[in-house]
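Heads up: the structure comes next, in structure tokens.
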Amino acid sequence: MLGIGIIGYGYWGPNLVRNFMEVGSARVVGVCDLRPERLAHVKARYPTIETTNDYRDLIRNSAIDAIAVATPVSSHFDLALAALRAGKHVLLEKPLTATAEQAKRLLDEAERNGRILMVDHTFVYTSAVRKIKEVVETGNLGEIYYYDSVRVNLGLFQHDVNVLWDLAVHDLSIMDHVIPTRPCAVSATGMSHVPGEPENVAFLTLFFENRLIAHMHVNWLAPVKVRRTLIGGSQKMIVYDDLEPSEKVKIYDKGITFNNNPENVYQMLIDYRMGDMWAPQLDLTEALRTEALHFIRCIEKSVPPITSGQEGLRVVQILEAATRSMAQRGHPVEWDAQGAIA
């Protein structure tokens, strides 16, 4: 049975502990947090789990095979590097690291030590996103024209990262997973409405070599909570609403066709196709449980995870470029196939 250590028991840590304790093929050996009251909470609920306020206790523990890190992104690199050097597999909360350079160093360290490095892009493991990827891969959407997402709510304000690094990272990870092509440039604008704090509203546009365009709107200062994504293709279109209780994914047989009838030059050149809507059935398994099982199986079989460090690196590269563009009031930032900013 795989031994798991959890660093960080704040907002996300309890979810990690619960899921790893329930999967059956792993057990949580130890939890680290700097706050005594959080460790007391662990002990009250899981008496068999060892607790500490020093992460090195987990890294030195021979009963721990893998470390899951649920701490602020500024600490990800140092914690993950120490764990990888100690021969531990690593699962890092999103985003992978604070810089692309740090991500590349972790990738090199994981490869050097033959360890699994995985990023916690939880939405990739939802049944809704897995279904969307399945539909895209069939080619039934036709040529994909656009990816358009809105992720807004009131709070939770972050002090160490802007809203792009907090919320857009989810949409970027979903897009990276379901869209087979990679963007070549990004333009971002944003604004902070709290003095001295990072941007709390942002708009992100991604450009591709083909006709695909992507747009993301993220906001900590909205009066309502919205989690909606539209993917438009030449044949069909997808609406993904994560807040829908049942029909989260809807596939529409709607679109346009071009009328090249030469007999009447005044006739409208575009016809509208209005077909059926289909809402596929989705399983109800918690995404984090699916992800925890996947992490364990990747370790056991020595295979790369779906959300490997490489995927995490691509998302961080986009976030870095978007932050640079936002500082220049939306000036497009381009990068090459290796992710180097032009």
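Residue names in the structure tokens use chain letters A, B, ... in the order shown, residue numbers from 1 in each chain, and ligand numbers from 1 in the order shown.
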Write out as a Markdown table the residues of stretch 59-95 of chain A that have any atom within 12 Å of an atom of stretch 296-313 of chain A, one row each with the nearest atom pair and its distance in Å to one decimal, counting only C-alpha atoms, sorted by chain and then rising number.
| residue | atom | partner | partner_atom | distance |
| --- | --- | --- | --- | --- |
| A:Asp65 | CA | A:Ile299 | CA | 9.3 |
| A:Ala66 | CA | A:Ile299 | CA | 8.8 |
| A:Ile67 | CA | A:Ile296 | CA | 11.5 |
| A:Ala68 | CA | A:Ile296 | CA | 11.6 |
| A:Ala80 | CA | A:Gly309 | CA | 11.4 |
| A:Lys88 | CA | A:Ile299 | CA | 10.2 |
| A:His89 | CA | A:Ile299 | CA | 7.5 |
| A:Val90 | CA | A:Gly309 | CA | 9.7 |
| A:Leu91 | CA | A:Ser308 | CA | 9.2 |
| A:Leu92 | CA | A:Gly309 | CA | 9.1 |
| A:Glu93 | CA | A:Gly312 | CA | 10.0 |
| A:Lys94 | CA | A:Gly312 | CA | 7.9 |
| A:Pro95 | CA | A:Gly312 | CA | 6.9 |
Extract, using only C-alpha atoms, all DNA, RNA and protein residues at most 9 Å from A:Leu293, discarding same-chain residues fewer than 4 positions from it, and format them as JSON, numbers by chain. {"A": [19, 20, 23, 25, 26, 288, 289, 297, 298]}
Contact table stretch 41-156 of chain A vs stretch 204-221 of chain A, cut-off 12 Å, shortest pair per residue, only C-alpha atoms, as a tab-separated table:
residue	atom	partner	partner_atom	distance
A:Gly142	CA	A:Leu212	CA	11.9
A:Glu143	CA	A:Leu212	CA	8.5
A:Ile144	CA	A:Leu212	CA	6.2
A:Tyr145	CA	A:Leu212	CA	4.6
A:Tyr146	CA	A:Ile213	CA	4.9
A:Tyr147	CA	A:Ala214	CA	4.5
A:Asp148	CA	A:His215	CA	4.9
A:Ser149	CA	A:Met216	CA	4.9
A:Val150	CA	A:His217	CA	4.8
A:Arg151	CA	A:Val218	CA	5.0
A:Val152	CA	A:Asn219	CA	4.6
A:Asn153	CA	A:Trp220	CA	5.3
A:Leu154	CA	A:Leu221	CA	4.8
A:Gly155	CA	A:Trp220	CA	4.9
A:Leu156	CA	A:Trp220	CA	6.6
Output for the residues just chosen: C-alpha atoms as a PDB file, in the first residue's frame:
ATOM      1  CA  GLY A 142     -15.926  19.683 -37.118  1.00  0.00           C
ATOM      2  CA  GLU A 143     -13.364  22.473 -37.238  1.00  0.00           C
ATOM      3  CA  ILE A 144     -13.180  24.109 -33.812  1.00  0.00           C
ATOM      4  CA  TYR A 145     -13.769  27.850 -34.176  1.00  0.00           C
ATOM      5  CA  TYR A 146     -13.642  29.121 -30.600  1.00  0.00           C
ATOM      6  CA  TYR A 147     -13.258  28.298 -26.904  1.00  0.00           C
ATOM      7  CA  ASP A 148     -15.046  30.807 -24.669  1.00  0.00           C
ATOM      8  CA  SER A 149     -15.208  30.546 -20.877  1.00  0.00           C
ATOM      9  CA  VAL A 150     -16.473  32.607 -17.936  1.00  0.00           C
ATOM     10  CA  ARG A 151     -15.397  31.847 -14.355  1.00  0.00           C
ATOM     11  CA  VAL A 152     -16.548  34.550 -11.950  1.00  0.00           C
ATOM     12  CA  ASN A 153     -17.684  34.841  -8.320  1.00  0.00           C
ATOM     13  CA  LEU A 154     -17.534  37.136  -5.285  1.00  0.00           C
ATOM     14  CA  GLY A 155     -14.236  36.225  -3.483  1.00  0.00           C
ATOM     15  CA  LEU A 156     -12.019  34.375  -2.531  1.00  0.00           C
TER      16      LEU A 156
END
Residues of stretch 109-337 of chain A in strand (DSSP E), written as a PDB file with N, CA and C atoms, in the first residue's frame:
ATOM      1  N   LEU A 117       5.849  13.275 -11.492  1.00  0.00           N
ATOM      2  CA  LEU A 117       5.514  14.662 -11.149  1.00  0.00           C
ATOM      3  C   LEU A 117       4.174  14.965 -11.801  1.00  0.00           C
ATOM      4  N   MET A 118       3.193  15.255 -10.977  1.00  0.00           N
ATOM      5  CA  MET A 118       1.826  15.455 -11.470  1.00  0.00           C
ATOM      6  C   MET A 118       1.265  16.751 -10.893  1.00  0.00           C
ATOM      7  N   VAL A 119       0.473  17.464 -11.691  1.00  0.00           N
ATOM      8  CA  VAL A 119      -0.142  18.701 -11.230  1.00  0.00           C
ATOM      9  C   VAL A 119      -1.633  18.459 -11.011  1.00  0.00           C
ATOM     10  N   ASP A 120      -2.162  19.063  -9.976  1.00  0.00           N
ATOM     11  CA  ASP A 120      -3.547  18.861  -9.565  1.00  0.00           C
ATOM     12  C   ASP A 120      -4.485  19.762 -10.371  1.00  0.00           C
ATOM     13  N   ILE A 144     -12.875  23.346 -35.020  1.00  0.00           N
ATOM     14  CA  ILE A 144     -13.180  24.109 -33.812  1.00  0.00           C
ATOM     15  C   ILE A 144     -12.870  25.580 -34.069  1.00  0.00           C
ATOM     16  N   TYR A 145     -13.894  26.423 -33.907  1.00  0.00           N
ATOM     17  CA  TYR A 145     -13.769  27.850 -34.176  1.00  0.00           C
ATOM     18  C   TYR A 145     -13.344  28.648 -32.941  1.00  0.00           C
ATOM     19  N   TYR A 146     -13.926  28.312 -31.777  1.00  0.00           N
ATOM     20  CA  TYR A 146     -13.642  29.121 -30.600  1.00  0.00           C
ATOM     21  C   TYR A 146     -13.807  28.323 -29.314  1.00  0.00           C
ATOM     22  N   TYR A 147     -13.129  28.801 -28.273  1.00  0.00           N
ATOM     23  CA  TYR A 147     -13.258  28.298 -26.904  1.00  0.00           C
ATOM     24  C   TYR A 147     -13.499  29.525 -26.044  1.00  0.00           C
ATOM     25  N   ASP A 148     -14.649  29.594 -25.386  1.00  0.00           N
ATOM     26  CA  ASP A 148     -15.046  30.807 -24.669  1.00  0.00           C
ATOM     27  C   ASP A 148     -15.508  30.415 -23.275  1.00  0.00           C
ATOM     28  N   SER A 149     -14.860  30.943 -22.242  1.00  0.00           N
ATOM     29  CA  SER A 149     -15.208  30.546 -20.877  1.00  0.00           C
ATOM     30  C   SER A 149     -15.362  31.758 -19.962  1.00  0.00           C
ATOM     31  N   VAL A 150     -16.246  31.599 -18.972  1.00  0.00           N
ATOM     32  CA  VAL A 150     -16.473  32.607 -17.936  1.00  0.00           C
ATOM     33  C   VAL A 150     -16.389  31.902 -16.587  1.00  0.00           C
ATOM     34  N   ARG A 151     -15.554  32.413 -15.702  1.00  0.00           N
ATOM     35  CA  ARG A 151     -15.397  31.847 -14.355  1.00  0.00           C
ATOM     36  C   ARG A 151     -15.322  33.027 -13.377  1.00  0.00           C
ATOM     37  N   VAL A 152     -16.474  33.368 -12.805  1.00  0.00           N
ATOM     38  CA  VAL A 152     -16.548  34.550 -11.950  1.00  0.00           C
ATOM     39  C   VAL A 152     -17.286  34.213 -10.657  1.00  0.00           C
ATOM     40  N   ASN A 153     -17.006  34.969  -9.609  1.00  0.00           N
ATOM     41  CA  ASN A 153     -17.684  34.841  -8.320  1.00  0.00           C
ATOM     42  C   ASN A 153     -17.295  36.019  -7.434  1.00  0.00           C
ATOM     43  N   LEU A 154     -17.880  36.099  -6.256  1.00  0.00           N
ATOM     44  CA  LEU A 154     -17.534  37.136  -5.285  1.00  0.00           C
ATOM     45  C   LEU A 154     -16.583  36.522  -4.261  1.00  0.00           C
ATOM     46  N   ALA A 185       0.123  32.803 -29.136  1.00  0.00           N
ATOM     47  CA  ALA A 185       0.222  34.168 -28.600  1.00  0.00           C
ATOM     48  C   ALA A 185      -0.932  34.408 -27.646  1.00  0.00           C
ATOM     49  N   VAL A 186      -0.738  35.374 -26.757  1.00  0.00           N
ATOM     50  CA  VAL A 186      -1.761  35.693 -25.764  1.00  0.00           C
ATOM     51  C   VAL A 186      -1.812  37.202 -25.554  1.00  0.00           C
ATOM     52  N   SER A 187      -3.035  37.681 -25.308  1.00  0.00           N
ATOM     53  CA  SER A 187      -3.239  39.076 -24.935  1.00  0.00           C
ATOM     54  C   SER A 187      -4.115  39.083 -23.689  1.00  0.00           C
ATOM     55  N   ALA A 188      -3.735  39.869 -22.698  1.00  0.00           N
ATOM     56  CA  ALA A 188      -4.501  39.897 -21.448  1.00  0.00           C
ATOM     57  C   ALA A 188      -4.612  41.317 -20.921  1.00  0.00           C
ATOM     58  N   THR A 189      -5.778  41.635 -20.373  1.00  0.00           N
ATOM     59  CA  THR A 189      -5.981  42.899 -19.684  1.00  0.00           C
ATOM     60  C   THR A 189      -6.614  42.604 -18.333  1.00  0.00           C
ATOM     61  N   GLY A 190      -6.371  43.477 -17.378  1.00  0.00           N
ATOM     62  CA  GLY A 190      -6.923  43.257 -16.046  1.00  0.00           C
ATOM     63  C   GLY A 190      -6.780  44.491 -15.193  1.00  0.00           C
ATOM     64  N   MET A 191      -7.404  44.447 -14.024  1.00  0.00           N
ATOM     65  CA  MET A 191      -7.376  45.602 -13.141  1.00  0.00           C
ATOM     66  C   MET A 191      -7.545  45.146 -11.691  1.00  0.00           C
ATOM     67  N   VAL A 201      -9.878  41.301 -11.678  1.00  0.00           N
ATOM     68  CA  VAL A 201     -10.680  41.113 -12.886  1.00  0.00           C
ATOM     69  C   VAL A 201      -9.716  41.010 -14.060  1.00  0.00           C
ATOM     70  N   ALA A 202      -9.924  40.029 -14.934  1.00  0.00           N
ATOM     71  CA  ALA A 202      -9.009  39.882 -16.074  1.00  0.00           C
ATOM     72  C   ALA A 202      -9.731  39.258 -17.257  1.00  0.00           C
ATOM     73  N   PHE A 203      -9.241  39.608 -18.447  1.00  0.00           N
ATOM     74  CA  PHE A 203      -9.750  39.074 -19.711  1.00  0.00           C
ATOM     75  C   PHE A 203      -8.552  38.564 -20.509  1.00  0.00           C
ATOM     76  N   LEU A 204      -8.649  37.332 -20.944  1.00  0.00           N
ATOM     77  CA  LEU A 204      -7.519  36.655 -21.581  1.00  0.00           C
ATOM     78  C   LEU A 204      -7.932  36.161 -22.962  1.00  0.00           C
ATOM     79  N   THR A 205      -7.158  36.498 -23.980  1.00  0.00           N
ATOM     80  CA  THR A 205      -7.412  36.019 -25.345  1.00  0.00           C
ATOM     81  C   THR A 205      -6.194  35.255 -25.838  1.00  0.00           C
ATOM     82  N   LEU A 206      -6.452  34.070 -26.395  1.00  0.00           N
ATOM     83  CA  LEU A 206      -5.376  33.223 -26.906  1.00  0.00           C
ATOM     84  C   LEU A 206      -5.534  33.047 -28.410  1.00  0.00           C
ATOM     85  N   PHE A 207      -4.434  33.182 -29.120  1.00  0.00           N
ATOM     86  CA  PHE A 207      -4.426  33.067 -30.570  1.00  0.00           C
ATOM     87  C   PHE A 207      -3.726  31.775 -30.987  1.00  0.00           C
ATOM     88  N   ILE A 213      -9.808  30.632 -31.897  1.00  0.00           N
ATOM     89  CA  ILE A 213      -9.499  31.690 -30.949  1.00  0.00           C
ATOM     90  C   ILE A 213     -10.128  31.309 -29.605  1.00  0.00           C
ATOM     91  N   ALA A 214      -9.470  31.655 -28.518  1.00  0.00           N
ATOM     92  CA  ALA A 214      -9.981  31.345 -27.180  1.00  0.00           C
ATOM     93  C   ALA A 214     -10.042  32.622 -26.356  1.00  0.00           C
ATOM     94  N   HIS A 215     -11.076  32.707 -25.528  1.00  0.00           N
ATOM     95  CA  HIS A 215     -11.237  33.870 -24.662  1.00  0.00           C
ATOM     96  C   HIS A 215     -11.686  33.411 -23.290  1.00  0.00           C
ATOM     97  N   MET A 216     -11.116  33.994 -22.246  1.00  0.00           N
ATOM     98  CA  MET A 216     -11.452  33.637 -20.873  1.00  0.00           C
ATOM     99  C   MET A 216     -11.675  34.900 -20.049  1.00  0.00           C
ATOM    100  N   HIS A 217     -12.750  34.896 -19.292  1.00  0.00           N
ATOM    101  CA  HIS A 217     -13.094  36.012 -18.413  1.00  0.00           C
ATOM    102  C   HIS A 217     -13.096  35.476 -16.989  1.00  0.00           C
ATOM    103  N   VAL A 218     -12.275  36.061 -16.135  1.00  0.00           N
ATOM    104  CA  VAL A 218     -12.201  35.639 -14.737  1.00  0.00           C
ATOM    105  C   VAL A 218     -12.350  36.860 -13.842  1.00  0.00           C
ATOM    106  N   ASN A 219     -12.991  36.655 -12.672  1.00  0.00           N
ATOM    107  CA  ASN A 219     -13.378  37.815 -11.870  1.00  0.00           C
ATOM    108  C   ASN A 219     -13.657  37.368 -10.440  1.00  0.00           C
ATOM    109  N   LEU A 221     -14.860  39.644  -8.368  1.00  0.00           N
ATOM    110  CA  LEU A 221     -15.709  40.737  -7.907  1.00  0.00           C
ATOM    111  C   LEU A 221     -17.057  40.723  -8.625  1.00  0.00           C
ATOM    112  N   ALA A 222     -17.607  39.536  -8.857  1.00  0.00           N
ATOM    113  CA  ALA A 222     -18.897  39.413  -9.533  1.00  0.00           C
ATOM    114  C   ALA A 222     -20.007  39.137  -8.519  1.00  0.00           C
ATOM    115  N   PRO A 223     -21.210  39.624  -8.776  1.00  0.00           N
ATOM    116  CA  PRO A 223     -22.314  39.412  -7.827  1.00  0.00           C
ATOM    117  C   PRO A 223     -22.892  38.000  -7.864  1.00  0.00           C
ATOM    118  N   VAL A 224     -22.562  37.248  -8.929  1.00  0.00           N
ATOM    119  CA  VAL A 224     -23.061  35.883  -9.074  1.00  0.00           C
ATOM    120  C   VAL A 224     -21.894  34.948  -9.382  1.00  0.00           C
ATOM    121  N   LYS A 225     -22.121  33.671  -9.176  1.00  0.00           N
ATOM    122  CA  LYS A 225     -21.122  32.665  -9.501  1.00  0.00           C
ATOM    123  C   LYS A 225     -21.475  32.047 -10.850  1.00  0.00           C
ATOM    124  N   VAL A 226     -20.530  32.105 -11.792  1.00  0.00           N
ATOM    125  CA  VAL A 226     -20.734  31.553 -13.131  1.00  0.00           C
ATOM    126  C   VAL A 226     -19.544  30.669 -13.473  1.00  0.00           C
ATOM    127  N   ARG A 227     -19.834  29.483 -13.987  1.00  0.00           N
ATOM    128  CA  ARG A 227     -18.797  28.544 -14.436  1.00  0.00           C
ATOM    129  C   ARG A 227     -19.256  27.948 -15.756  1.00  0.00           C
ATOM    130  N   ARG A 228     -19.069  28.681 -16.844  1.00  0.00           N
ATOM    131  CA  ARG A 228     -19.643  28.258 -18.121  1.00  0.00           C
ATOM    132  C   ARG A 228     -18.603  28.334 -19.233  1.00  0.00           C
ATOM    133  N   THR A 229     -18.594  27.300 -20.077  1.00  0.00           N
ATOM    134  CA  THR A 229     -17.667  27.226 -21.206  1.00  0.00           C
ATOM    135  C   THR A 229     -18.438  26.873 -22.474  1.00  0.00           C
ATOM    136  N   LEU A 230     -18.127  27.573 -23.554  1.00  0.00           N
ATOM    137  CA  LEU A 230     -18.694  27.275 -24.869  1.00  0.00           C
ATOM    138  C   LEU A 230     -17.571  26.881 -25.813  1.00  0.00           C
ATOM    139  N   ILE A 231     -17.782  25.796 -26.532  1.00  0.00           N
ATOM    140  CA  ILE A 231     -16.838  25.366 -27.559  1.00  0.00           C
ATOM    141  C   ILE A 231     -17.611  25.280 -28.868  1.00  0.00           C
ATOM    142  N   GLY A 232     -17.262  26.134 -29.811  1.00  0.00           N
ATOM    143  CA  GLY A 232     -17.988  26.210 -31.078  1.00  0.00           C
ATOM    144  C   GLY A 232     -17.230  25.542 -32.203  1.00  0.00           C
ATOM    145  N   GLY A 233     -17.900  24.657 -32.904  1.00  0.00           N
ATOM    146  CA  GLY A 233     -17.305  23.990 -34.063  1.00  0.00           C
ATOM    147  C   GLY A 233     -18.128  24.223 -35.307  1.00  0.00           C
ATOM    148  N   MET A 237     -21.760  22.271 -31.418  1.00  0.00           N
ATOM    149  CA  MET A 237     -21.267  23.168 -30.389  1.00  0.00           C
ATOM    150  C   MET A 237     -21.550  22.582 -29.013  1.00  0.00           C
ATOM    151  N   ILE A 238     -20.680  22.892 -28.052  1.00  0.00           N
ATOM    152  CA  ILE A 238     -20.803  22.369 -26.698  1.00  0.00           C
ATOM    153  C   ILE A 238     -20.999  23.510 -25.718  1.00  0.00           C
ATOM    154  N   VAL A 239     -21.919  23.329 -24.776  1.00  0.00           N
ATOM    155  CA  VAL A 239     -22.069  24.230 -23.635  1.00  0.00           C
ATOM    156  C   VAL A 239     -21.803  23.414 -22.377  1.00  0.00           C
ATOM    157  N   TYR A 240     -20.821  23.835 -21.603  1.00  0.00           N
ATOM    158  CA  TYR A 240     -20.452  23.151 -20.361  1.00  0.00           C
ATOM    159  C   TYR A 240     -20.693  24.112 -19.214  1.00  0.00           C
ATOM    160  N   ASP A 241     -21.682  23.793 -18.384  1.00  0.00           N
ATOM    161  CA  ASP A 241     -22.011  24.617 -17.216  1.00  0.00           C
ATOM    162  C   ASP A 241     -21.768  23.779 -15.972  1.00  0.00           C
ATOM    163  N   VAL A 249     -23.143  19.060 -19.422  1.00  0.00           N
ATOM    164  CA  VAL A 249     -22.655  19.144 -20.800  1.00  0.00           C
ATOM    165  C   VAL A 249     -23.830  19.008 -21.758  1.00  0.00           C
ATOM    166  N   LYS A 250     -23.973  19.970 -22.651  1.00  0.00           N
ATOM    167  CA  LYS A 250     -25.005  19.914 -23.681  1.00  0.00           C
ATOM    168  C   LYS A 250     -24.347  20.088 -25.045  1.00  0.00           C
ATOM    169  N   ILE A 251     -24.699  19.209 -25.961  1.00  0.00           N
ATOM    170  CA  ILE A 251     -24.124  19.242 -27.304  1.00  0.00           C
ATOM    171  C   ILE A 251     -25.219  19.643 -28.280  1.00  0.00           C
ATOM    172  N   TYR A 252     -25.009  20.734 -28.990  1.00  0.00           N
ATOM    173  CA  TYR A 252     -26.014  21.287 -29.892  1.00  0.00           C
ATOM    174  C   TYR A 252     -25.633  21.033 -31.343  1.00  0.00           C
ATOM    175  N   ASP A 253     -26.594  20.531 -32.094  1.00  0.00           N
ATOM    176  CA  ASP A 253     -26.411  20.381 -33.535  1.00  0.00           C
ATOM    177  C   ASP A 253     -26.889  21.676 -34.190  1.00  0.00           C
ATOM    178  N   LYS A 254     -26.140  22.720 -33.932  1.00  0.00           N
ATOM    179  CA  LYS A 254     -26.474  24.039 -34.469  1.00  0.00           C
ATOM    180  C   LYS A 254     -25.242  24.643 -35.122  1.00  0.00           C
ATOM    181  N   GLY A 255     -25.480  25.530 -36.066  1.00  0.00           N
ATOM    182  CA  GLY A 255     -24.358  26.193 -36.718  1.00  0.00           C
ATOM    183  C   GLY A 255     -24.801  26.942 -37.952  1.00  0.00           C
ATOM    184  N   ILE A 256     -23.851  27.172 -38.823  1.00  0.00           N
ATOM    185  CA  ILE A 256     -24.134  27.906 -40.054  1.00  0.00           C
ATOM    186  C   ILE A 256     -23.597  27.126 -41.249  1.00  0.00           C
ATOM    187  N   THR A 257     -24.243  27.329 -42.397  1.00  0.00           N
ATOM    188  CA  THR A 257     -23.748  26.782 -43.664  1.00  0.00           C
ATOM    189  C   THR A 257     -23.687  27.923 -44.666  1.00  0.00           C
ATOM    190  N   PHE A 258     -22.727  27.810 -45.583  1.00  0.00           N
ATOM    191  CA  PHE A 258     -22.546  28.867 -46.571  1.00  0.00           C
ATOM    192  C   PHE A 258     -23.310  28.521 -47.845  1.00  0.00           C
ATOM    193  N   ILE A 270     -25.380  33.048 -45.835  1.00  0.00           N
ATOM    194  CA  ILE A 270     -25.259  32.200 -44.654  1.00  0.00           C
ATOM    195  C   ILE A 270     -26.633  31.668 -44.263  1.00  0.00           C
ATOM    196  N   ASP A 271     -26.724  30.342 -44.130  1.00  0.00           N
ATOM    197  CA  ASP A 271     -27.936  29.702 -43.630  1.00  0.00           C
ATOM    198  C   ASP A 271     -27.671  29.171 -42.230  1.00  0.00           C
ATOM    199  N   TYR A 272     -28.725  29.142 -41.424  1.00  0.00           N
ATOM    200  CA  TYR A 272     -28.593  28.681 -40.049  1.00  0.00           C
ATOM    201  C   TYR A 272     -29.141  27.268 -39.914  1.00  0.00           C
ATOM    202  N   ARG A 273     -28.367  26.416 -39.269  1.00  0.00           N
ATOM    203  CA  ARG A 273     -28.769  25.029 -39.033  1.00  0.00           C
ATOM    204  C   ARG A 273     -29.222  24.892 -37.592  1.00  0.00           C
ATOM    205  N   MET A 274     -30.467  24.469 -37.374  1.00  0.00           N
ATOM    206  CA  MET A 274     -31.042  24.358 -36.037  1.00  0.00           C
ATOM    207  C   MET A 274     -31.443  22.904 -35.805  1.00  0.00           C
ATOM    208  N   GLY A 275     -30.552  22.130 -35.196  1.00  0.00           N
ATOM    209  CA  GLY A 275     -30.814  20.721 -34.958  1.00  0.00           C
ATOM    210  C   GLY A 275     -31.132  20.426 -33.506  1.00  0.00           C
ATOM    211  N   ASP A 276     -30.883  19.190 -33.108  1.00  0.00           N
ATOM    212  CA  ASP A 276     -31.224  18.731 -31.764  1.00  0.00           C
ATOM    213  C   ASP A 276     -30.144  19.091 -30.750  1.00  0.00           C
ATOM    214  N   MET A 277     -30.536  18.980 -29.465  1.00  0.00           N
ATOM    215  CA  MET A 277     -29.591  19.106 -28.356  1.00  0.00           C
ATOM    216  C   MET A 277     -29.509  17.767 -27.649  1.00  0.00           C
ATOM    217  N   TRP A 278     -28.283  17.379 -27.284  1.00  0.00           N
ATOM    218  CA  TRP A 278     -28.065  16.108 -26.597  1.00  0.00           C
ATOM    219  C   TRP A 278     -27.280  16.367 -25.319  1.00  0.00           C
ATOM    220  N   VAL A 333       1.671  38.879 -26.544  1.00  0.00           N
ATOM    221  CA  VAL A 333       2.956  38.244 -26.272  1.00  0.00           C
ATOM    222  C   VAL A 333       2.977  36.914 -27.013  1.00  0.00           C
ATOM    223  N   GLU A 334       3.984  36.707 -27.816  1.00  0.00           N
ATOM    224  CA  GLU A 334       4.092  35.484 -28.604  1.00  0.00           C
ATOM    225  C   GLU A 334       5.170  34.584 -28.037  1.00  0.00           C
TER     226      GLU A 334
END
Give me, as a ChimeraX atom specification, all polymer residues having an atom no more than 12 Å from A:Leu79, counting only C-alpha atoms and skipping those fewer than 4 positions away in the same chain. /A:6-8,32,54-56,58-59,67-75,83-86,88-93,96-97,102,106
Which of A:Val28, A:Arg324, A:Ile174, A:His159 sits closest to A:Gly196 [using only C-alpha atoms]: A:His159
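The residues of stretch 136-231 of chain A that DSSP assigns to alpha helix (DSSP H) on this backbone come out as Val136, Glu137, Thr138, Val163, Val169, His170, Asp171, Leu172, Ser173, Ile174, Met175, Asp176, His177 and Val178 of chain A.
Here atom CA of A:Asn53 stands at a distance of 14.3 Å from atom CA of A:Val29.
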Any chance you could tabulate, as a Markdown table, the residues of stretch 176-237 of chain A at most 7 Å from stretch 123-141 of chain A with each one's nearest atom pair and distance in Å to one decimal, using only C-alpha atoms, in chain and rising number order?
| residue | atom | partner | partner_atom | distance |
| --- | --- | --- | --- | --- |
| A:His177 | CA | A:Val124 | CA | 6.9 |
| A:Val178 | CA | A:Lys133 | CA | 4.7 |
| A:Gly233 | CA | A:Leu141 | CA | 4.9 |
| A:Ser234 | CA | A:Leu141 | CA | 6.3 |
| A:Gln235 | CA | A:Leu141 | CA | 4.9 |
| A:Lys236 | CA | A:Leu141 | CA | 4.5 |
| A:Met237 | CA | A:Leu141 | CA | 6.4 |
Keeping only C-alpha atoms, write the selected residues as an mmCIF file, in the first residue's frame.
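Output file part-v7.cif is given in full below:
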data_model
loop_
_atom_site.group_PDB
_atom_site.id
_atom_site.type_symbol
_atom_site.label_atom_id
_atom_site.label_comp_id
_atom_site.auth_asym_id
_atom_site.auth_seq_id
_atom_site.Cartn_x
_atom_site.Cartn_y
_atom_site.Cartn_z
ATOM 1 C CA HIS A 177 -6.639 18.889 -22.266
ATOM 2 C CA VAL A 178 -9.495 18.994 -24.793
ATOM 3 C CA GLY A 233 -17.305 23.990 -34.063
ATOM 4 C CA SER A 234 -18.298 24.025 -37.708
ATOM 5 C CA GLN A 235 -20.656 21.053 -37.184
ATOM 6 C CA LYS A 236 -21.669 21.053 -33.509
ATOM 7 C CA MET A 237 -21.267 23.168 -30.389
#
